[in-house]
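Asker: Could you have a look at this structure, given as structure tokens, before my questions?
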Amino acid sequence: MKVLISDNLSPEGVEYLQKQPGLKVVNLPGLAPDALLSEIRDAAALIVRSKTKVTREVIEAAQQLKVIGRAGAGVDNIDLPSATRKGIVVMNTPGGNSVSAAEHAVALLLSLARKIPFADACLRAGKWDKNAFIGQELQGKTVGVLGLGKIGSVVVKRIMAFEAKVVAYDPFVTEQYAHDLGVELTSLEEVLRRSDFLTLHLPMNEKTQGMINKDRIALMKDGASIINTARGKLIVEEDLIEALEKGKLAGAALDVFENEPQINPRLIATGKVIVTPHIAGSTVEAQAKVGYDIAVQIADYLQNEVICNAVNFPSITPKELADILPFARLGESLGSFISQISQIRVSEIGIRYYGELTRRNYKPITSYIVKAVLQPSLSETVNEVNALNYAKERGISVIETVSSRERSYSNMISIQLRCPEASEWVEGALLHQGSPRLVSVDGIPVETHLGGSLLFIRNEDKPGVIGQVGTILGDANINIASFVLGRGADRPYAVGVVNTDSEIPEDCAAKIRSIPAVKFVQIVKLP
């Protein structure tokens, strides 16, 4: 399998990949866009940093691409929706450069507080002007932190050493987590109002783009300063420039910009901005770590299907993969079964997990189930990566629940397909040696092997049906491995599931449909 590296990757990462059996490493940093389109066609994996733009065109040109790896945290240079839609896993290394990025943010904050770059430039110009560069102590000041992820949390720990007060905004962390960090968690508006220094550590998305704009800057203290080592488009630069020019803000320190590598000349002209060329994560230690980490992740995925640090799929550790894979296969077979026998237009997929599954990472199992449910009705290629995305596009809700209720089978999965007028329901479980079993249909017990070629029947509960079905299959020289018939007290029909040793031809199914008591017949083919 070809692994294409289109940006500079640490020697440790390249060497690791080159030692892996079955992988062909093509290391071409600095590829031009046209060359990338050519090289990507037969690549199974693509590894990038921030320079390569993995556009929709690049993704569409890839014929065999399974995974894109970003050596670093940010993935805004990758068209994530296009990758997800095509079923390509996108991985990053979110913790690899956390310390480097955090230390750079603190360095910029200190440089602003003590005006170090401005004093340095003045002295180099032959001027000794001590009074022009009177700085501020951090002790007793309030530092606002937007985003308490891995980098933001490391920043907080460093800032605490200066005896500053830290207030933070992050809607995705708990009060307890913030308390353990020694941080006061509050609203975005309150952080802006109280901060002497504001440092940004947020991801770039639709909700955060342009978050720091004219209206938000107006809430800040007069004379406050902003530090941004996250993503340039978090700040509306024209609004920032105006605030600096008018004296609303005392300064800004930026490692990232709206239109990299171009920098708005008005930013520099304010004389109040410290700039660095997107190097927050660029240390010897960080480059080695993220390069090696992404190499390991890519190899693990290609060789063992282990998904780690994916941004468009639940991550699975090797141990979790071994634990859940049998259940994922069960869910996949169960989802495929109900999809093939379904007679309704699905608007909702309900999935319930029982027993030990309630304590496991069941999110990947859900993806396998939804993939199997959707596959028969879509012309596009559906896999576990893009299945939930396709469901959302089609207005199909996916609802996961867990239950501690005792059932006849442990480790059971229940799938219900619903529409406003009706619902259909199947349940399955793993028995001894991981054997996947269908255990009920529409609440009617029908325990049988779930796999291979099956015949599913709904019929009036009348004598003679089993004999007639058996005769038709026997006349076609099809051996029956098992025939399970189930009846429900509150159902006006019985259901039957026939396991056969060979595939059932359609003409046999047509003959079975002609039996007066039979109301529905479907040939089911499972993995």
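Following the order of the structure tokens, first chain is A, next is B, and so on, with residues numbered from 1 inside each chain and ligands from 1 in the order they appear.
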Within segment 282-346 of chain A, find each residue whose DSSP state, derived from the backbone, is alpha helix (DSSP H), and express the selection as number ranges by chain.

Answerer: A: 284-304, 318-341

Asker: Check which residues of segment 47-79 of chain A sit at most 7 Å from segment 4-22 of chain A using only C-alpha atoms, and return one row each with the closest pair of atoms and their distance in Å to one decimal, ordered by chain and rising number, as CSV.

Answerer:
```
residue,atom,partner,partner_atom,distance
A:Ile47,CA,A:Ile5,CA,4.8
A:Val48,CA,A:Asp7,CA,5.2
A:Arg49,CA,A:Asp7,CA,5.7
A:Lys51,CA,A:Asp7,CA,6.7
A:Thr52,CA,A:Asp7,CA,6.6
```

Asker: Restricting the calculation to only C-alpha atoms: of A:Ala250, A:Ala280, A:Ile504, A:Ala125, which residue gets closest to Asn97 of chain A?

Answerer: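 Under the stated criterion, the closest residue is A:Ala280.
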
Asker: For the contact check between segment 97-156 of chain A and segment 259-275 of chain A, emit one row per residue of segment 97-156 of chain A within 9 Å, containing the shortest atom pair and the distance in Å rounded to one decimal, counting only C-alpha atoms, chain then rising number order, as JSON lines.

Answerer:
```
{"residue": "A:Leu108", "atom": "CA", "partner": "A:Ile274", "partner_atom": "CA", "distance": 7.6}
{"residue": "A:Ser111", "atom": "CA", "partner": "A:Ile274", "partner_atom": "CA", "distance": 8.1}
{"residue": "A:Leu112", "atom": "CA", "partner": "A:Ile274", "partner_atom": "CA", "distance": 7.5}
{"residue": "A:Pro117", "atom": "CA", "partner": "A:Ile274", "partner_atom": "CA", "distance": 7.2}
{"residue": "A:Phe118", "atom": "CA", "partner": "A:Gly271", "partner_atom": "CA", "distance": 8.4}
```

Asker: Tell me, as a list of chain:residue names, which residues lie within 9 Å of Cys419 of chain A, counting only C-alpha atoms; anything in the same chain fewer than 4 positions away does not count.

Answerer: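 Final neighbour list, sorted by chain and number: A:Ile344, A:Arg345, A:Val346, A:Ser347, A:Glu348, A:Ser423.
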
Asker: How far is it from atom CA of Asp323 of chain A to atom CA of Ser435 of chain A, in Å with one decimal?

Answerer: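 Value for the atom CA of Asp323 of chain A-atom CA of Ser435 of chain A distance: 14.4 Å.
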
Asker: Which of these, A:Ser315, A:Asn228, A:Ser195, A:Asn304, has the shortest distance to Thr276 of chain A once you count only C-alpha atoms?

Answerer: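 Counting only C-alpha atoms, the residue closest to Thr276 of chain A is A:Asn228.
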
Asker: Using only C-alpha atoms, which protein or nucleic acid residues come within 9 Å of Ser336 of chain A? Drop anything in the same chain fewer than 4 positions from it, and give the result as a list in words.

Answerer: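 Once the adjacent positions are removed, what remains is Gly331, Glu332, Gln340, Ile341, Ile369, Lys371, Ala372, Val373, Leu374, Gln375, Pro376, Val524, Lys525, Leu526 and Pro527 of chain A.
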
Asker: Go through A:Ala62, A:Val385, A:Leu202, A:Val154 and flag the residue nearest Ser98 of chain A, using only C-alpha atoms for the distances.

Answerer: A:Val154

Asker: Using only C-alpha atoms, which residues sit within 8 Å of Ser404 of chain A once same-chain residues fewer than 3 positions away are excluded, as a list in words?

Answerer: Tyr354, Gly355 and Thr358 of chain A

Asker: Using only C-alpha atoms, which protein or nucleic acid residues come within 8 Å of Val495 of chain A? Drop anything in the same chain fewer than 2 positions from it, and give the result as a ChimeraX atom specification.

Answerer: /A:441,444,446,456-459,485-487,493,497
